[in-house]
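S.K.: Structure file work.cif, mmCIF, N, CA and C atoms and all ligand atoms, is pasted below:
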```cif
data_model
#
loop_
_atom_site.label_atom_id
_atom_site.label_comp_id
_atom_site.auth_asym_id
_atom_site.auth_seq_id
_atom_site.Cartn_x
_atom_site.Cartn_y
_atom_site.Cartn_z
N MET M 1 18.15 -32.49 6.35
CA MET M 1 17.52 -31.65 7.37
C MET M 1 16.05 -31.42 7.04
N ARG M 2 15.76 -31.11 5.75
CA ARG M 2 14.39 -30.85 5.33
C ARG M 2 13.51 -32.07 5.60
N CYS M 3 14.07 -33.27 5.35
CA CYS M 3 13.32 -34.51 5.55
C CYS M 3 12.99 -34.69 7.04
N SER M 4 13.95 -34.40 7.94
CA SER M 4 13.68 -34.60 9.36
C SER M 4 12.61 -33.63 9.85
N ARG M 5 12.57 -32.41 9.30
CA ARG M 5 11.51 -31.46 9.68
C ARG M 5 10.14 -31.99 9.27
N ALA M 6 10.07 -32.53 8.07
CA ALA M 6 8.79 -33.09 7.61
C ALA M 6 8.37 -34.24 8.52
N LEU M 7 9.34 -35.06 8.93
CA LEU M 7 9.01 -36.17 9.84
C LEU M 7 8.55 -35.65 11.19
N ASP M 8 9.20 -34.58 11.67
CA ASP M 8 8.77 -33.98 12.95
C ASP M 8 7.32 -33.51 12.87
N ILE M 9 6.99 -32.86 11.77
CA ILE M 9 5.61 -32.36 11.60
C ILE M 9 4.63 -33.51 11.53
N MET M 10 5.00 -34.57 10.78
CA MET M 10 4.11 -35.73 10.68
C MET M 10 3.95 -36.42 12.03
N LYS M 11 5.05 -36.47 12.79
CA LYS M 11 4.99 -37.08 14.13
C LYS M 11 4.06 -36.26 15.04
N GLY M 12 4.15 -34.94 14.93
CA GLY M 12 3.28 -34.07 15.73
C GLY M 12 1.81 -34.25 15.35
N ILE M 13 1.56 -34.34 14.06
CA ILE M 13 0.16 -34.53 13.61
C ILE M 13 -0.35 -35.89 14.09
N ALA M 14 0.50 -36.93 13.97
CA ALA M 14 0.09 -38.27 14.43
C ALA M 14 -0.24 -38.25 15.92
N ALA M 15 0.57 -37.51 16.70
CA ALA M 15 0.32 -37.44 18.14
C ALA M 15 -1.00 -36.73 18.43
N LEU M 16 -1.28 -35.67 17.68
CA LEU M 16 -2.54 -34.94 17.87
C LEU M 16 -3.74 -35.83 17.53
N VAL M 17 -3.63 -36.55 16.40
CA VAL M 17 -4.73 -37.45 16.01
C VAL M 17 -4.96 -38.50 17.08
N GLN M 18 -3.85 -39.05 17.61
CA GLN M 18 -3.97 -40.06 18.65
C GLN M 18 -4.66 -39.48 19.90
N GLN M 19 -4.31 -38.24 20.26
CA GLN M 19 -4.93 -37.61 21.43
C GLN M 19 -6.42 -37.40 21.21
N VAL M 20 -6.78 -36.99 19.99
CA VAL M 20 -8.21 -36.79 19.68
C VAL M 20 -8.94 -38.12 19.75
N GLU M 21 -8.33 -39.16 19.17
CA GLU M 21 -8.99 -40.48 19.13
C GLU M 21 -9.16 -41.08 20.53
N THR M 22 -8.17 -40.85 21.39
CA THR M 22 -8.25 -41.43 22.74
C THR M 22 -8.98 -40.49 23.71
N GLY M 23 -9.25 -39.25 23.26
CA GLY M 23 -9.93 -38.29 24.14
C GLY M 23 -9.08 -37.88 25.32
N ARG M 24 -7.75 -37.93 25.14
CA ARG M 24 -6.86 -37.57 26.24
C ARG M 24 -5.88 -36.47 25.80
N PRO M 25 -6.35 -35.21 25.86
CA PRO M 25 -5.44 -34.12 25.47
C PRO M 25 -4.31 -33.95 26.47
N GLU M 26 -3.12 -33.68 25.98
CA GLU M 26 -1.98 -33.46 26.87
C GLU M 26 -0.91 -32.66 26.14
N VAL M 27 -0.02 -32.07 26.93
CA VAL M 27 1.14 -31.40 26.34
C VAL M 27 2.19 -32.48 26.13
N ALA M 28 2.67 -32.61 24.90
CA ALA M 28 3.63 -33.66 24.59
C ALA M 28 4.82 -33.08 23.82
N ASN M 29 5.95 -33.66 24.02
CA ASN M 29 7.16 -33.26 23.30
C ASN M 29 7.39 -34.23 22.15
N GLU M 30 7.14 -33.78 20.95
CA GLU M 30 7.35 -34.63 19.77
C GLU M 30 8.62 -34.21 19.03
N TYR M 31 9.50 -33.56 19.76
CA TYR M 31 10.73 -33.03 19.17
C TYR M 31 11.91 -33.35 20.10
N PRO M 32 11.97 -34.59 20.62
CA PRO M 32 12.94 -34.91 21.67
C PRO M 32 14.40 -34.87 21.25
N ARG M 33 14.66 -34.94 19.94
CA ARG M 33 16.09 -34.89 19.58
C ARG M 33 16.66 -33.49 19.81
N SER M 34 15.80 -32.47 19.95
CA SER M 34 16.28 -31.12 20.26
C SER M 34 15.77 -30.60 21.59
N VAL M 35 14.55 -30.98 21.95
CA VAL M 35 13.94 -30.44 23.18
C VAL M 35 13.98 -31.50 24.27
N GLN M 36 14.78 -31.24 25.29
CA GLN M 36 14.92 -32.19 26.40
C GLN M 36 13.91 -31.85 27.51
N PRO M 37 13.53 -32.86 28.31
CA PRO M 37 12.53 -32.60 29.37
C PRO M 37 12.94 -31.47 30.32
N GLU M 38 14.23 -31.35 30.59
CA GLU M 38 14.67 -30.31 31.53
C GLU M 38 14.79 -28.94 30.86
N GLY M 39 14.54 -28.86 29.54
CA GLY M 39 14.63 -27.59 28.84
C GLY M 39 16.07 -27.22 28.54
N ASN M 40 16.30 -25.94 28.38
CA ASN M 40 17.63 -25.42 28.07
C ASN M 40 18.16 -24.70 29.30
N PRO M 41 18.97 -25.39 30.13
CA PRO M 41 19.42 -24.79 31.41
C PRO M 41 20.15 -23.47 31.23
N LYS M 42 20.94 -23.35 30.18
CA LYS M 42 21.69 -22.10 29.97
C LYS M 42 20.74 -20.94 29.69
N ALA M 43 19.76 -21.18 28.82
CA ALA M 43 18.76 -20.13 28.52
C ALA M 43 17.94 -19.81 29.76
N GLN M 44 17.59 -20.84 30.54
CA GLN M 44 16.80 -20.60 31.75
C GLN M 44 17.58 -19.74 32.74
N GLU M 45 18.89 -19.99 32.87
CA GLU M 45 19.71 -19.21 33.79
C GLU M 45 19.78 -17.75 33.33
N LEU M 46 19.94 -17.55 32.03
CA LEU M 46 19.96 -16.18 31.51
C LEU M 46 18.63 -15.48 31.76
N MET M 47 17.53 -16.20 31.56
CA MET M 47 16.20 -15.62 31.81
C MET M 47 16.08 -15.22 33.28
N ARG M 48 16.56 -16.08 34.19
CA ARG M 48 16.49 -15.77 35.63
C ARG M 48 17.34 -14.54 35.96
N GLN M 49 18.48 -14.41 35.28
CA GLN M 49 19.36 -13.26 35.55
C GLN M 49 18.72 -11.95 35.12
N VAL M 50 18.02 -11.96 33.99
CA VAL M 50 17.51 -10.72 33.40
C VAL M 50 16.09 -10.38 33.84
N PHE M 51 15.27 -11.41 34.06
CA PHE M 51 13.85 -11.17 34.36
C PHE M 51 13.47 -11.66 35.75
N GLU M 52 12.39 -11.07 36.27
CA GLU M 52 11.79 -11.58 37.50
C GLU M 52 10.30 -11.76 37.28
N ILE M 53 9.71 -12.65 38.05
CA ILE M 53 8.29 -12.96 37.89
C ILE M 53 7.45 -11.81 38.44
N CYS M 54 6.34 -11.51 37.73
CA CYS M 54 5.46 -10.43 38.19
C CYS M 54 3.99 -10.83 37.99
N ASP M 55 3.10 -9.95 38.41
CA ASP M 55 1.65 -10.19 38.34
C ASP M 55 1.03 -9.28 37.29
N PRO M 56 1.13 -9.60 36.02
CA PRO M 56 0.60 -8.68 35.01
C PRO M 56 -0.92 -8.67 34.94
N ASP M 57 -1.42 -7.57 34.41
CA ASP M 57 -2.87 -7.41 34.19
C ASP M 57 -3.12 -7.74 32.72
N TRP M 58 -3.63 -8.95 32.45
CA TRP M 58 -3.84 -9.39 31.07
C TRP M 58 -5.15 -8.81 30.56
N ARG M 59 -5.07 -8.22 29.37
CA ARG M 59 -6.25 -7.61 28.79
C ARG M 59 -7.36 -8.65 28.61
N GLY M 60 -8.52 -8.34 29.14
CA GLY M 60 -9.67 -9.24 29.00
C GLY M 60 -9.72 -10.31 30.07
N ILE M 61 -8.64 -10.51 30.82
CA ILE M 61 -8.60 -11.57 31.83
C ILE M 61 -8.44 -10.99 33.23
N GLY M 62 -7.58 -9.97 33.34
CA GLY M 62 -7.31 -9.39 34.65
C GLY M 62 -5.94 -9.82 35.17
N VAL M 63 -5.70 -9.55 36.44
CA VAL M 63 -4.40 -9.86 37.03
C VAL M 63 -4.31 -11.37 37.30
N VAL M 64 -3.24 -11.98 36.80
CA VAL M 64 -2.98 -13.39 37.06
C VAL M 64 -1.64 -13.45 37.81
N PRO M 65 -1.68 -13.83 39.09
CA PRO M 65 -0.45 -13.84 39.87
C PRO M 65 0.63 -14.73 39.24
N ASP M 66 1.85 -14.24 39.29
CA ASP M 66 3.03 -15.00 38.83
C ASP M 66 2.94 -15.46 37.38
N SER M 67 2.24 -14.71 36.53
CA SER M 67 2.07 -15.16 35.14
C SER M 67 2.92 -14.37 34.14
N GLY M 68 3.71 -13.45 34.62
CA GLY M 68 4.48 -12.63 33.69
C GLY M 68 5.93 -12.46 34.10
N LEU M 69 6.68 -11.84 33.23
CA LEU M 69 8.09 -11.54 33.51
C LEU M 69 8.32 -10.05 33.28
N ARG M 70 9.17 -9.45 34.10
CA ARG M 70 9.59 -8.07 33.86
C ARG M 70 11.10 -8.01 34.08
N LEU M 71 11.70 -6.97 33.47
CA LEU M 71 13.14 -6.81 33.62
C LEU M 71 13.49 -6.56 35.08
N ARG M 72 14.57 -7.15 35.55
CA ARG M 72 15.03 -6.88 36.92
C ARG M 72 15.53 -5.44 37.00
N GLU M 73 15.57 -4.92 38.23
CA GLU M 73 15.94 -3.52 38.47
C GLU M 73 17.26 -3.17 37.77
N GLU M 74 18.24 -4.07 37.82
CA GLU M 74 19.55 -3.75 37.24
C GLU M 74 19.52 -3.63 35.70
N PHE M 75 18.40 -4.06 35.09
CA PHE M 75 18.28 -3.94 33.63
C PHE M 75 17.21 -2.90 33.25
N ALA M 76 16.76 -2.12 34.21
CA ALA M 76 15.68 -1.16 33.96
C ALA M 76 16.05 -0.17 32.87
N ARG M 77 17.34 0.08 32.69
CA ARG M 77 17.74 1.04 31.65
C ARG M 77 17.38 0.56 30.25
N TYR M 78 17.08 -0.74 30.11
CA TYR M 78 16.67 -1.27 28.80
C TYR M 78 15.15 -1.30 28.64
N ASP M 79 14.44 -0.93 29.68
CA ASP M 79 12.97 -0.93 29.62
C ASP M 79 12.51 0.31 28.86
N VAL M 80 11.88 0.11 27.71
CA VAL M 80 11.52 1.23 26.85
C VAL M 80 10.57 2.20 27.55
N ILE M 81 9.75 1.69 28.45
CA ILE M 81 8.81 2.56 29.16
C ILE M 81 9.57 3.52 30.07
N GLU M 82 10.60 2.98 30.75
CA GLU M 82 11.44 3.83 31.61
C GLU M 82 12.29 4.76 30.75
N ARG M 83 12.88 4.19 29.74
CA ARG M 83 13.85 4.91 28.92
C ARG M 83 13.23 6.12 28.20
N LEU M 84 12.03 5.93 27.69
CA LEU M 84 11.37 7.01 26.96
C LEU M 84 10.36 7.76 27.83
N ASP M 85 10.34 7.40 29.13
CA ASP M 85 9.45 8.06 30.09
C ASP M 85 8.00 8.05 29.58
N ILE M 86 7.57 6.86 29.20
CA ILE M 86 6.22 6.70 28.65
C ILE M 86 5.22 6.54 29.80
N GLU M 87 4.14 7.28 29.71
CA GLU M 87 3.09 7.14 30.71
C GLU M 87 1.99 6.23 30.15
N LEU M 88 1.78 5.09 30.78
CA LEU M 88 0.76 4.16 30.30
C LEU M 88 -0.61 4.65 30.75
N ILE M 89 -1.56 4.59 29.84
CA ILE M 89 -2.92 5.02 30.13
C ILE M 89 -3.80 3.79 30.27
N ALA M 90 -4.52 3.70 31.36
CA ALA M 90 -5.42 2.56 31.55
C ALA M 90 -6.64 2.73 30.65
N VAL M 91 -6.88 1.76 29.80
CA VAL M 91 -8.04 1.80 28.90
C VAL M 91 -8.99 0.67 29.30
N PRO M 92 -10.19 1.00 29.75
CA PRO M 92 -11.10 -0.07 30.18
C PRO M 92 -11.54 -0.93 29.00
N ASP M 93 -11.78 -2.22 29.27
CA ASP M 93 -12.27 -3.11 28.22
C ASP M 93 -13.66 -2.65 27.79
N ASN M 94 -13.95 -2.85 26.51
CA ASN M 94 -15.30 -2.55 26.00
C ASN M 94 -16.27 -3.52 26.65
N PRO M 95 -17.35 -3.02 27.28
CA PRO M 95 -18.27 -3.92 27.98
C PRO M 95 -18.95 -4.93 27.05
N ALA M 96 -19.01 -4.62 25.74
CA ALA M 96 -19.63 -5.56 24.79
C ALA M 96 -18.67 -6.69 24.41
N CYS M 97 -17.42 -6.55 24.77
CA CYS M 97 -16.41 -7.54 24.36
C CYS M 97 -16.26 -8.64 25.41
N HIS M 98 -16.17 -9.87 24.94
CA HIS M 98 -16.04 -11.03 25.83
C HIS M 98 -14.73 -11.78 25.60
N CYS M 99 -13.68 -11.04 25.27
CA CYS M 99 -12.39 -11.68 25.01
C CYS M 99 -11.92 -12.53 26.19
N GLY M 100 -12.18 -12.05 27.40
CA GLY M 100 -11.75 -12.82 28.57
C GLY M 100 -12.36 -14.21 28.58
N GLU M 101 -13.65 -14.27 28.32
CA GLU M 101 -14.34 -15.58 28.29
C GLU M 101 -13.84 -16.42 27.12
N VAL M 102 -13.61 -15.76 25.97
CA VAL M 102 -13.11 -16.50 24.79
C VAL M 102 -11.73 -17.07 25.10
N LEU M 103 -10.87 -16.25 25.68
CA LEU M 103 -9.51 -16.71 25.97
C LEU M 103 -9.47 -17.80 27.04
N ARG M 104 -10.45 -17.77 27.95
CA ARG M 104 -10.50 -18.82 28.98
C ARG M 104 -11.22 -20.06 28.49
N GLY M 105 -11.74 -20.00 27.28
CA GLY M 105 -12.39 -21.18 26.69
C GLY M 105 -13.79 -21.44 27.20
N VAL M 106 -14.42 -20.45 27.87
CA VAL M 106 -15.78 -20.65 28.37
C VAL M 106 -16.82 -20.09 27.39
N MET M 107 -16.36 -19.44 26.34
CA MET M 107 -17.27 -18.91 25.32
C MET M 107 -16.60 -19.01 23.96
N ARG M 108 -17.38 -19.40 22.96
CA ARG M 108 -16.84 -19.40 21.60
C ARG M 108 -17.03 -18.01 21.01
N PRO M 109 -16.15 -17.59 20.12
CA PRO M 109 -16.27 -16.25 19.55
C PRO M 109 -17.65 -15.96 18.98
N GLN M 110 -18.24 -16.96 18.32
CA GLN M 110 -19.55 -16.74 17.68
C GLN M 110 -20.64 -16.47 18.71
N GLU M 111 -20.42 -16.81 19.96
CA GLU M 111 -21.41 -16.58 21.00
C GLU M 111 -21.40 -15.13 21.50
N CYS M 112 -20.39 -14.38 21.12
CA CYS M 112 -20.33 -12.96 21.48
C CYS M 112 -21.30 -12.21 20.57
N GLY M 113 -22.15 -11.39 21.15
CA GLY M 113 -23.16 -10.68 20.38
C GLY M 113 -22.58 -9.74 19.34
N ALA M 114 -21.33 -9.32 19.51
CA ALA M 114 -20.73 -8.37 18.57
C ALA M 114 -19.99 -9.07 17.42
N PHE M 115 -19.79 -10.37 17.55
CA PHE M 115 -18.99 -11.11 16.56
C PHE M 115 -19.56 -10.96 15.15
N GLY M 116 -18.74 -10.45 14.24
CA GLY M 116 -19.15 -10.34 12.83
C GLY M 116 -20.14 -9.23 12.55
N LYS M 117 -20.57 -8.54 13.59
CA LYS M 117 -21.51 -7.42 13.40
C LYS M 117 -20.77 -6.13 13.78
N ALA M 118 -20.83 -5.77 15.06
CA ALA M 118 -20.12 -4.57 15.49
C ALA M 118 -18.61 -4.81 15.53
N CYS M 119 -18.22 -6.08 15.58
CA CYS M 119 -16.79 -6.41 15.70
C CYS M 119 -16.34 -7.28 14.52
N THR M 120 -15.47 -6.73 13.71
CA THR M 120 -14.88 -7.46 12.57
C THR M 120 -13.38 -7.15 12.55
N PRO M 121 -12.59 -7.90 11.79
CA PRO M 121 -11.15 -7.58 11.71
C PRO M 121 -10.90 -6.14 11.23
N GLU M 122 -11.82 -5.62 10.39
CA GLU M 122 -11.64 -4.25 9.91
C GLU M 122 -11.97 -3.23 10.99
N ARG M 123 -12.91 -3.57 11.87
CA ARG M 123 -13.31 -2.65 12.94
C ARG M 123 -13.43 -3.45 14.24
N PRO M 124 -12.29 -3.85 14.83
CA PRO M 124 -12.33 -4.70 16.03
C PRO M 124 -12.77 -3.92 17.28
N LEU M 125 -13.54 -4.60 18.11
CA LEU M 125 -13.91 -4.02 19.41
C LEU M 125 -12.96 -4.48 20.50
N GLY M 126 -12.39 -5.66 20.32
CA GLY M 126 -11.53 -6.23 21.35
C GLY M 126 -10.25 -6.80 20.78
N PRO M 127 -9.29 -7.09 21.65
CA PRO M 127 -7.98 -7.57 21.20
C PRO M 127 -8.03 -8.91 20.46
N CYS M 128 -9.02 -9.74 20.75
CA CYS M 128 -9.08 -11.05 20.09
C CYS M 128 -9.38 -10.94 18.60
N MET M 129 -9.86 -9.77 18.17
CA MET M 129 -10.20 -9.60 16.76
C MET M 129 -9.14 -8.77 16.04
N VAL M 130 -8.13 -8.31 16.76
CA VAL M 130 -7.18 -7.37 16.16
C VAL M 130 -6.20 -8.04 15.21
N SER M 131 -5.42 -8.96 15.72
CA SER M 131 -4.39 -9.56 14.88
C SER M 131 -4.88 -10.88 14.30
N SER M 132 -4.23 -11.31 13.23
CA SER M 132 -4.71 -12.51 12.51
C SER M 132 -4.69 -13.75 13.38
N GLU M 133 -3.80 -13.79 14.40
CA GLU M 133 -3.77 -14.98 15.25
C GLU M 133 -4.72 -14.88 16.45
N GLY M 134 -5.44 -13.76 16.56
CA GLY M 134 -6.42 -13.63 17.63
C GLY M 134 -7.54 -14.66 17.48
N SER M 135 -8.06 -15.14 18.60
CA SER M 135 -9.08 -16.19 18.56
C SER M 135 -10.27 -15.80 17.70
N CYS M 136 -10.81 -14.62 17.93
CA CYS M 136 -12.00 -14.20 17.19
C CYS M 136 -11.68 -13.97 15.71
N ALA M 137 -10.52 -13.36 15.45
CA ALA M 137 -10.14 -13.10 14.05
C ALA M 137 -9.94 -14.41 13.30
N ALA M 138 -9.35 -15.41 13.95
CA ALA M 138 -9.12 -16.70 13.29
C ALA M 138 -10.45 -17.39 12.98
N VAL M 139 -11.37 -17.35 13.94
CA VAL M 139 -12.69 -17.97 13.70
C VAL M 139 -13.42 -17.21 12.60
N TYR M 140 -13.32 -15.88 12.63
CA TYR M 140 -13.98 -15.06 11.61
C TYR M 140 -13.46 -15.43 10.22
N LYS M 141 -12.17 -15.67 10.11
CA LYS M 141 -11.56 -15.94 8.82
C LYS M 141 -11.82 -17.38 8.35
N TYR M 142 -11.76 -18.34 9.28
CA TYR M 142 -11.76 -19.75 8.85
C TYR M 142 -13.07 -20.50 9.07
N GLU M 143 -13.99 -19.96 9.87
CA GLU M 143 -15.23 -20.72 10.10
C GLU M 143 -16.41 -20.04 9.43
S1 LIG M 201 -16.01 -10.84 18.73
FE1 LIG M 201 -15.03 -8.91 19.17
S2 LIG M 201 -16.17 -8.04 20.85
FE2 LIG M 201 -16.63 -10.23 20.78
S3 LIG M 201 -15.16 -11.22 22.13
FE3 LIG M 201 -14.28 -11.23 20.09
S4 LIG M 201 -13.02 -9.38 20.01
FE4 LIG M 201 -14.42 -9.14 21.73
#
```
Give the structure from the file, written as structure tokens.
M.R.:
Amino acid sequence: MRCSRALDIMKGIAALVQQVETGRPEVANEYPRSVQPEGNPKAQELMRQVFEICDPDWRGIGVVPDSGLRLREEFARYDVIERLDIELIAVPDNPACHCGEVLRGVMRPQECGAFGKACTPERPLGPCMVSSEGSCAAVYKYE
């Protein structure tokens, strides 16, 4: 099993290198012995039963139609916001933060005037700098 995982990783890396060399980026399945093109029908059916598509307001990006999932009405009793009667407070984005542009790929983190100055992982201004996998935090750490 360990050997097949290493081969899967090597196959994925080879596919990425090939995409870079040919200049043709694409989403590819390099794990076909487990991941089928049609996905997992049983899991998809369960997802359809429990969730419905909604229009969430993504921080830094705004409302993207049909981009999110929420619990269906019959499962609302499991929604922690309903269950604990939590009132969500709208917090406006910091005007100095350009996470939306960073996340859309139209701006690199270093192009944000706050990057590494007013905004660091220790004192983040925006969500992209908060967690280690955030775009700005990753660039701050590795570049
Ligand atoms: S560096 Fe900070 S302020 Fe600038 S886009 Fe990233 S998270 Fe936002």
S.K.: For chain M versus ligand LIG 201 (chain M), which residues have an atom no more than 5 Å away, and what is each residue's nearest atom pair and distance in Å rounded to one decimal, using only N, CA and C atoms and all ligand atoms, chain-then-number order, as JSON lines?
M.R.:
```
{"residue": "M:Ala96", "atom": "C", "partner": "M:LIG201", "partner_atom": "S2", "distance": 4.6}
{"residue": "M:Cys97", "atom": "CA", "partner": "M:LIG201", "partner_atom": "S2", "distance": 3.6}
{"residue": "M:His98", "atom": "N", "partner": "M:LIG201", "partner_atom": "S3", "distance": 3.3}
{"residue": "M:Cys99", "atom": "N", "partner": "M:LIG201", "partner_atom": "S3", "distance": 3.5}
{"residue": "M:Cys112", "atom": "CA", "partner": "M:LIG201", "partner_atom": "FE2", "distance": 4.7}
{"residue": "M:Ala114", "atom": "C", "partner": "M:LIG201", "partner_atom": "S1", "distance": 4.5}
{"residue": "M:Phe115", "atom": "CA", "partner": "M:LIG201", "partner_atom": "S1", "distance": 3.7}
{"residue": "M:Cys119", "atom": "CA", "partner": "M:LIG201", "partner_atom": "FE1", "distance": 4.6}
{"residue": "M:Leu125", "atom": "N", "partner": "M:LIG201", "partner_atom": "FE1", "distance": 4.7}
{"residue": "M:Gly126", "atom": "CA", "partner": "M:LIG201", "partner_atom": "S4", "distance": 3.7}
{"residue": "M:Pro127", "atom": "N", "partner": "M:LIG201", "partner_atom": "S4", "distance": 4.7}
{"residue": "M:Cys128", "atom": "N", "partner": "M:LIG201", "partner_atom": "S4", "distance": 4.1}
{"residue": "M:Met129", "atom": "N", "partner": "M:LIG201", "partner_atom": "S4", "distance": 3.7}
{"residue": "M:Cys136", "atom": "CA", "partner": "M:LIG201", "partner_atom": "FE3", "distance": 4.7}
```
S.K.: Since we have the selection now, will you write its residues out, keeping N, CA and C atoms, as a PDB file, keeping the file's coordinate frame?
M.R.:
```pdb
ATOM      1  N   ALA M  96     -19.010  -4.620  25.740  1.00  0.00           N
ATOM      2  CA  ALA M  96     -19.630  -5.560  24.790  1.00  0.00           C
ATOM      3  C   ALA M  96     -18.670  -6.690  24.410  1.00  0.00           C
ATOM      4  N   CYS M  97     -17.420  -6.550  24.770  1.00  0.00           N
ATOM      5  CA  CYS M  97     -16.410  -7.540  24.360  1.00  0.00           C
ATOM      6  C   CYS M  97     -16.260  -8.640  25.410  1.00  0.00           C
ATOM      7  N   HIS M  98     -16.170  -9.870  24.940  1.00  0.00           N
ATOM      8  CA  HIS M  98     -16.040 -11.030  25.830  1.00  0.00           C
ATOM      9  C   HIS M  98     -14.730 -11.780  25.600  1.00  0.00           C
ATOM     10  N   CYS M  99     -13.680 -11.040  25.270  1.00  0.00           N
ATOM     11  CA  CYS M  99     -12.390 -11.680  25.010  1.00  0.00           C
ATOM     12  C   CYS M  99     -11.920 -12.530  26.190  1.00  0.00           C
ATOM     13  N   CYS M 112     -20.390 -14.380  21.120  1.00  0.00           N
ATOM     14  CA  CYS M 112     -20.330 -12.960  21.480  1.00  0.00           C
ATOM     15  C   CYS M 112     -21.300 -12.210  20.570  1.00  0.00           C
ATOM     16  N   ALA M 114     -21.330  -9.320  19.510  1.00  0.00           N
ATOM     17  CA  ALA M 114     -20.730  -8.370  18.570  1.00  0.00           C
ATOM     18  C   ALA M 114     -19.990  -9.070  17.420  1.00  0.00           C
ATOM     19  N   PHE M 115     -19.790 -10.370  17.550  1.00  0.00           N
ATOM     20  CA  PHE M 115     -18.990 -11.110  16.560  1.00  0.00           C
ATOM     21  C   PHE M 115     -19.560 -10.960  15.150  1.00  0.00           C
ATOM     22  N   CYS M 119     -18.220  -6.080  15.580  1.00  0.00           N
ATOM     23  CA  CYS M 119     -16.790  -6.410  15.700  1.00  0.00           C
ATOM     24  C   CYS M 119     -16.340  -7.280  14.520  1.00  0.00           C
ATOM     25  N   LEU M 125     -13.540  -4.600  18.110  1.00  0.00           N
ATOM     26  CA  LEU M 125     -13.910  -4.020  19.410  1.00  0.00           C
ATOM     27  C   LEU M 125     -12.960  -4.480  20.500  1.00  0.00           C
ATOM     28  N   GLY M 126     -12.390  -5.660  20.320  1.00  0.00           N
ATOM     29  CA  GLY M 126     -11.530  -6.230  21.350  1.00  0.00           C
ATOM     30  C   GLY M 126     -10.250  -6.800  20.780  1.00  0.00           C
ATOM     31  N   PRO M 127      -9.290  -7.090  21.650  1.00  0.00           N
ATOM     32  CA  PRO M 127      -7.980  -7.570  21.200  1.00  0.00           C
ATOM     33  C   PRO M 127      -8.030  -8.910  20.460  1.00  0.00           C
ATOM     34  N   CYS M 128      -9.020  -9.740  20.750  1.00  0.00           N
ATOM     35  CA  CYS M 128      -9.080 -11.050  20.090  1.00  0.00           C
ATOM     36  C   CYS M 128      -9.380 -10.940  18.600  1.00  0.00           C
ATOM     37  N   MET M 129      -9.860  -9.770  18.170  1.00  0.00           N
ATOM     38  CA  MET M 129     -10.200  -9.600  16.760  1.00  0.00           C
ATOM     39  C   MET M 129      -9.140  -8.770  16.040  1.00  0.00           C
ATOM     40  N   CYS M 136     -10.810 -14.620  17.930  1.00  0.00           N
ATOM     41  CA  CYS M 136     -12.000 -14.200  17.190  1.00  0.00           C
ATOM     42  C   CYS M 136     -11.680 -13.970  15.710  1.00  0.00           C
TER      43      CYS M 136
END
```
S.K.: At what distance in Å, to one decimal, does CA of Gln19 in chain M lie from atom C of Val106 in chain M?
M.R.: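 Computing it gives 22.0 Å between the two atoms.
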S.K.: Extract, using only C-alpha atoms, all DNA, RNA and protein residues at most 10 Å from Gln49 in chain M, discarding same-chain residues fewer than 2 positions from it, and format them as an NGL selection string.
M.R.: :M and (43-47 or 51-52 or 71-72 or 74-75)
S.K.: Record the distance separating CA of Ser135 in chain M and atom C of Ala28 in chain M, expressed in Å with one decimal.
M.R.: 22.5 Å
S.K.: One decimal, in Å: what's the spacing between CA of Gly60 in chain M and atom N of Asp85 in chain M?
M.R.: 26.0 Å
S.K.: Out of chain M, which residues get alpha helix (DSSP H) from DSSP, as a PyMOL selection string?
M.R.: chain M and resi 2-22+41-50+80-83+99-104+135-142
S.K.: Output as a tab-separated table (two decimals) with N, CA and C atoms, keeping the file's coordinate frame all residues of chain M that backbone DSSP marks as strand (DSSP E or B).
M.R.:
```tsv
chain	number	residue	atom	x	y	z
M	51	PHE	N	15.27	-11.41	34.06
M	51	PHE	CA	13.85	-11.17	34.36
M	51	PHE	C	13.47	-11.66	35.75
M	52	GLU	N	12.39	-11.07	36.27
M	52	GLU	CA	11.79	-11.58	37.50
M	52	GLU	C	10.30	-11.76	37.28
M	53	ILE	N	9.71	-12.65	38.05
M	53	ILE	CA	8.29	-12.96	37.89
M	53	ILE	C	7.45	-11.81	38.44
M	54	CYS	N	6.34	-11.51	37.73
M	54	CYS	CA	5.46	-10.43	38.19
M	54	CYS	C	3.99	-10.83	37.99
M	57	ASP	N	-1.42	-7.57	34.41
M	57	ASP	CA	-2.87	-7.41	34.19
M	57	ASP	C	-3.12	-7.74	32.72
M	58	TRP	N	-3.63	-8.95	32.45
M	58	TRP	CA	-3.84	-9.39	31.07
M	58	TRP	C	-5.15	-8.81	30.56
M	62	GLY	N	-7.58	-9.97	33.34
M	62	GLY	CA	-7.31	-9.39	34.65
M	62	GLY	C	-5.94	-9.82	35.17
M	63	VAL	N	-5.70	-9.55	36.44
M	63	VAL	CA	-4.40	-9.86	37.03
M	63	VAL	C	-4.31	-11.37	37.30
M	68	GLY	N	3.71	-13.45	34.62
M	68	GLY	CA	4.48	-12.63	33.69
M	68	GLY	C	5.93	-12.46	34.10
M	69	LEU	N	6.68	-11.84	33.23
M	69	LEU	CA	8.09	-11.54	33.51
M	69	LEU	C	8.32	-10.05	33.28
M	70	ARG	N	9.17	-9.45	34.10
M	70	ARG	CA	9.59	-8.07	33.86
M	70	ARG	C	11.10	-8.01	34.08
M	71	LEU	N	11.70	-6.97	33.47
M	71	LEU	CA	13.14	-6.81	33.62
M	71	LEU	C	13.49	-6.56	35.08
M	115	PHE	N	-19.79	-10.37	17.55
M	115	PHE	CA	-18.99	-11.11	16.56
M	115	PHE	C	-19.56	-10.96	15.15
M	119	CYS	N	-18.22	-6.08	15.58
M	119	CYS	CA	-16.79	-6.41	15.70
M	119	CYS	C	-16.34	-7.28	14.52
```
S.K.: Which polymer residues have any atom within 8 Å of an atom of range 2-18 of chain M, counting only N, CA and C atoms, with same-chain residues fewer than 5 positions away left out, as a ChimeraX atom specification?
M.R.: /M:23-25,29-31
S.K.: Which residue out of M:Glu143, M:Val64, M:Lys42, M:Asp57 has the minimum interatomic distance to Val91 in chain M when only C-alpha atoms are used?
M.R.: M:Asp57
